[in-house]
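S.K.: Can you read through this structure? Questions will come right after.
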Amino acid sequence: MTTQAFLIKYGEIAIKGKNRYVFEDALVSQLNHALKPLGQKFDIIKQQGRIFVKPQEECDEDEVKDALSKVFGVVGFSPCYMTEDEGFDKLAEEIIDYMKRTYGDEPHTFKVDARRARKNYPLQSMEINANMGEKILEAMPNMKVDVHNPEIMLHIEIREQISYYSVDYPGPGGMPVGTAGKAMLLLSGGIDSPVAGWMMAKRGVVLEAVYFHAPPYTSERAKQKVIDLAKKVAKYAGPIKLHIVNFTDVQLKIYEDCPHEELTIIMRRYMMRIAEYFAVEDGCLGLITGESVGQVASQTMQSLNATNAVCKLPVYRPLVAFDKQDIVEISYKIDTYETSILPYEDCCTIFVAKHPVTKPKLEIIEKSEAKLEGSIEALVKTAIETREVMIVKGE
């Protein structure tokens, strides 16, 4: 019996040695999670370095392709057909029927690429290539062989079952989410931080996120914007636990007591402290930010050093050496750009000095922060205790 399926291809997982099965199982779990919202049942089969997704009933192929295109760990995938071994002639009949349905009478060049993983199959790979190519040429006069630059690459894989396919779709690559621990993303309404979160999730990191809200200086629309960005990242990263912190009183205290040119750095340091508190509480292994060296005053090397000084956990900055255009291109790719540029200000853009310090000295920043001692601790405690927590899922 011949059934339709989707062949899942992976990259780095194949070189994981004895731990390979752990990553394969994690990928299977992520595939199940991605396909669940489709409301249909799928069998996911591991088979000799391949993973097949088999619908149990007729499915919407476009919906399945969209779901698979967002699963980290998937390098590529192909709609394919799986059939039992009933002899070469029967296989040739099936493949010719498939080629006619798929490509019709239009002229095309093609090449057959067979892989014989099951060594007891009576024909070797080169014999399959030659014999199948001959059968197709006899049945389809519109086809010509081109072994160097074919328009159609017909793949045949001889395994426990035989599969064949000729169309490849790219996946996002990376590693399955959940294989590299958990980290806390400082998520703003800008372009950079959603991209940073996406990039870390691509390396297998489970994401939590924290957003600093400053009502009434920031609106509910600004808050919703960040939730919408989290939803877009969650399409790839899976559900994200989002902490929403009312940061207004902390910001106002810094604004009142500290030099205005140092506002951004000191505010950022308190954000990192609060984010780290949540990270430790939830077992995260680090913080994630969207900072890039030199992009703004708070992202010079000196500024990043002053910010890092308050953290015990490592701070991951996947965009640290990216140009802005590089980041924008990724934001387009993952569909966060249009949401990020909506004109709703976040707390980082409200209390901005006209002339912020670009090369802060840590000892001077710490001296300025000393003015806050005895008064800001209670405000930070309240901000932590009154946070809003929600689970954001991809839509």
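Each chain in the structure tokens gets a letter, A, B and so on, in the order shown; residues start at 1 in every chain, and ligands are counted from 1 in the order they appear.
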Find the spatial neighbours of segment 106-114 of chain A, counting only C-alpha atoms, within a cut-off of 6 Å - ignore same-chain residues fewer than 6 positions away - and output them as a count of residues only.
M.R.: 16
S.K.: Taking 2 positions as the minimum chain separation for residues in the same chain, which residues sit within 10 Å of segment 200-203 of chain A when counting only C-alpha atoms? Answer as number ranges by chain.
M.R.: A: 70-73, 172-183, 185, 195-198, 205-207, 233-234, 236-238, 288, 316-318
S.K.: Excluding same-chain residues fewer than 2 positions from segment 246-255 of chain A, what lies within 6 Å of it counting only C-alpha atoms, as a PyMOL selection string?
M.R.: chain A and resi 212-214+257-258+379+383
S.K.: Expressed in Å to a single decimal, how great is the separation between atom CA of Thr358 of chain A and atom CA of Glu261 of chain A?
M.R.: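 Atom CA of Thr358 of chain A sits 9.0 Å away from atom CA of Glu261 of chain A.
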S.K.: Could you jot down the atom CA of Val280 of chain A to atom CA of Lys312 of chain A separation for me, Å, one decimal place?
M.R.: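 Separation between atom CA of Val280 of chain A and atom CA of Lys312 of chain A: 9.9 Å.
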S.K.: Of the residues A:Lys235, A:His148, A:Arg269, A:Arg50, which is the one nearest to Glu160 of chain A, using only C-alpha atoms?
M.R.: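 When distances to Glu160 of chain A are compared using only C-alpha atoms, the smallest one comes from A:Arg50.
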S.K.: Just want the 7 Å neighbourhood of Pro55 of chain A, counted on only C-alpha atoms, with same-chain residues fewer than 2 positions away dropped. Output as a list in words.
M.R.: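 Residues near the query, excluding close chain neighbours: Ala5, Lys41, Phe42, Asp43, Val53, Glu57, Glu58 and Cys59 of chain A.
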S.K.: Neighbouring residues of segment 9-16 of chain A were defined as those with any atom within 12 Å, considering only C-alpha atoms; residues of the same chain fewer than 4 positions away were excluded. Please report them as a count of residues only.
M.R.: 40
S.K.: Apply DSSP to the backbone of this structure and, from segment 41-267 of chain A, keep only the residues in alpha helix (DSSP H); write these as a ChimeraX atom specification.
M.R.: /A:61-68,88-103,125-139,192-202,220-237,248-257,263-267
S.K.: Pick from A:Pro215, A:Gly39, A:Pro239, A:Gly87: nearest to Met390 of chain A, with only C-alpha atoms counted?
M.R.: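 Between A:Pro215, A:Gly39, A:Pro239, A:Gly87, the residue approaching Met390 of chain A most closely is A:Pro239.
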S.K.: With distances taken over only C-alpha atoms, which residue among A:Glu345, A:Glu369, A:Val167, A:Glu395 lies nearest Met267 of chain A?
M.R.: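 Closest candidate: A:Glu369.
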S.K.: Taking the DSSP assignment computed from this structure's backbone, write out as an mmCIF file with C-alpha atoms, in the first residue's frame all residues of segment 170-210 of chain A that belong to strand (DSSP E or B).
M.R.:
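Below you can see part34.cif, which holds the result:
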data_model
loop_
_atom_site.group_PDB
_atom_site.id
_atom_site.type_symbol
_atom_site.label_atom_id
_atom_site.label_comp_id
_atom_site.auth_asym_id
_atom_site.auth_seq_id
_atom_site.Cartn_x
_atom_site.Cartn_y
_atom_site.Cartn_z
ATOM 1 C CA PRO A 170 13.621 24.548 3.524
ATOM 2 C CA MET A 175 18.411 22.435 17.145
ATOM 3 C CA LYS A 182 16.138 27.686 29.426
ATOM 4 C CA ALA A 183 16.909 31.413 29.418
ATOM 5 C CA MET A 184 15.130 34.688 30.182
ATOM 6 C CA LEU A 185 14.641 37.104 27.279
ATOM 7 C CA LEU A 186 14.378 40.840 27.978
ATOM 8 C CA ARG A 203 19.832 26.775 19.190
ATOM 9 C CA VAL A 206 13.491 27.286 25.888
ATOM 10 C CA LEU A 207 12.406 30.919 26.266
ATOM 11 C CA GLU A 208 10.870 32.831 29.108
ATOM 12 C CA ALA A 209 10.516 36.592 28.698
ATOM 13 C CA VAL A 210 10.167 39.729 30.780
#
S.K.: Just the number, please: distance in Å from atom CA of Lys359 of chain A to atom CA of Val310 of chain A, one decimal.
M.R.: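 For atom CA of Lys359 of chain A relative to atom CA of Val310 of chain A, the distance reads 17.1 Å.
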S.K.: So, with only C-alpha atoms as the atoms that count, which of A:Asn305, A:Gln30, A:Ser163, A:Asn120 lies closest to Leu91 of chain A?
M.R.: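 When distances to Leu91 of chain A are compared using only C-alpha atoms, the smallest one comes from A:Ser163.
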S.K.: In terms of the shortest atom-to-atom distance over only C-alpha atoms, which of A:Ile334, A:Ile244, A:Met199, A:Cys80 is closest to Thr3 of chain A?
M.R.: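 Of all the options, A:Cys80 lies closest to Thr3 of chain A.
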S.K.: Would you kindly return, as an MDAnalysis selection string, each protein, DNA or RNA residue with an atom no farther than 8 Å from any atom of Leu187 of chain A, considering only C-alpha atoms and excluding same-chain residues fewer than 5 positions away?
M.R.: chainID A and resid 193:194 209:211 226 289
S.K.: Keeping only N, CA and C atoms, write the selected residues to a file as a short mmCIF file (atom, residue, chain, number, x, y, z; two decimals), in the first residue's frame.
M.R.:
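This went into again-v3.cif:
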data_model
loop_
_atom_site.label_atom_id
_atom_site.label_comp_id
_atom_site.auth_asym_id
_atom_site.auth_seq_id
_atom_site.Cartn_x
_atom_site.Cartn_y
_atom_site.Cartn_z
N SER A 193 15.01 42.62 20.09
CA SER A 193 14.86 41.56 21.10
C SER A 193 14.05 40.36 20.61
N PRO A 194 12.98 40.53 19.81
CA PRO A 194 12.32 39.32 19.29
C PRO A 194 13.24 38.48 18.41
N ALA A 209 10.29 35.20 29.07
CA ALA A 209 10.52 36.59 28.70
C ALA A 209 10.01 37.52 29.79
N VAL A 210 10.61 38.69 29.86
CA VAL A 210 10.17 39.73 30.78
C VAL A 210 10.04 41.04 30.01
N TYR A 211 8.92 41.72 30.25
CA TYR A 211 8.66 43.02 29.61
C TYR A 211 8.44 44.05 30.70
N VAL A 226 3.89 44.00 22.62
CA VAL A 226 4.90 43.05 23.09
C VAL A 226 4.31 41.64 23.18
N THR A 289 19.50 39.29 25.61
CA THR A 289 19.13 40.64 25.20
C THR A 289 19.37 40.80 23.70
#
S.K.: If we count only C-alpha atoms and set the cut-off at 8 Å, which residues sit around Val320 of chain A, ignoring sequence neighbours fewer than 2 positions away in its own chain? Please answer as a ChimeraX atom specification.
M.R.: /A:290-293,317-318,322
S.K.: Selection from above, C-alpha atoms, as a PDB file, in the first residue's frame, can you write it?
M.R.:
ATOM      1  CA  GLY A 290      18.947  42.127  21.710  1.00  0.00           C
ATOM      2  CA  GLU A 291      21.933  44.399  22.155  1.00  0.00           C
ATOM      3  CA  SER A 292      24.437  45.015  19.355  1.00  0.00           C
ATOM      4  CA  VAL A 293      27.768  46.732  19.936  1.00  0.00           C
ATOM      5  CA  ARG A 317      23.647  38.592  23.112  1.00  0.00           C
ATOM      6  CA  PRO A 318      23.198  36.730  19.825  1.00  0.00           C
ATOM      7  CA  PHE A 322      25.114  42.247  13.692  1.00  0.00           C
TER       8      PHE A 322
END
S.K.: From the list A:Thr102, A:Ser375, A:Gln302, A:Thr386, which residue is nearest Glu363 of chain A when using only C-alpha atoms?
M.R.: A:Gln302
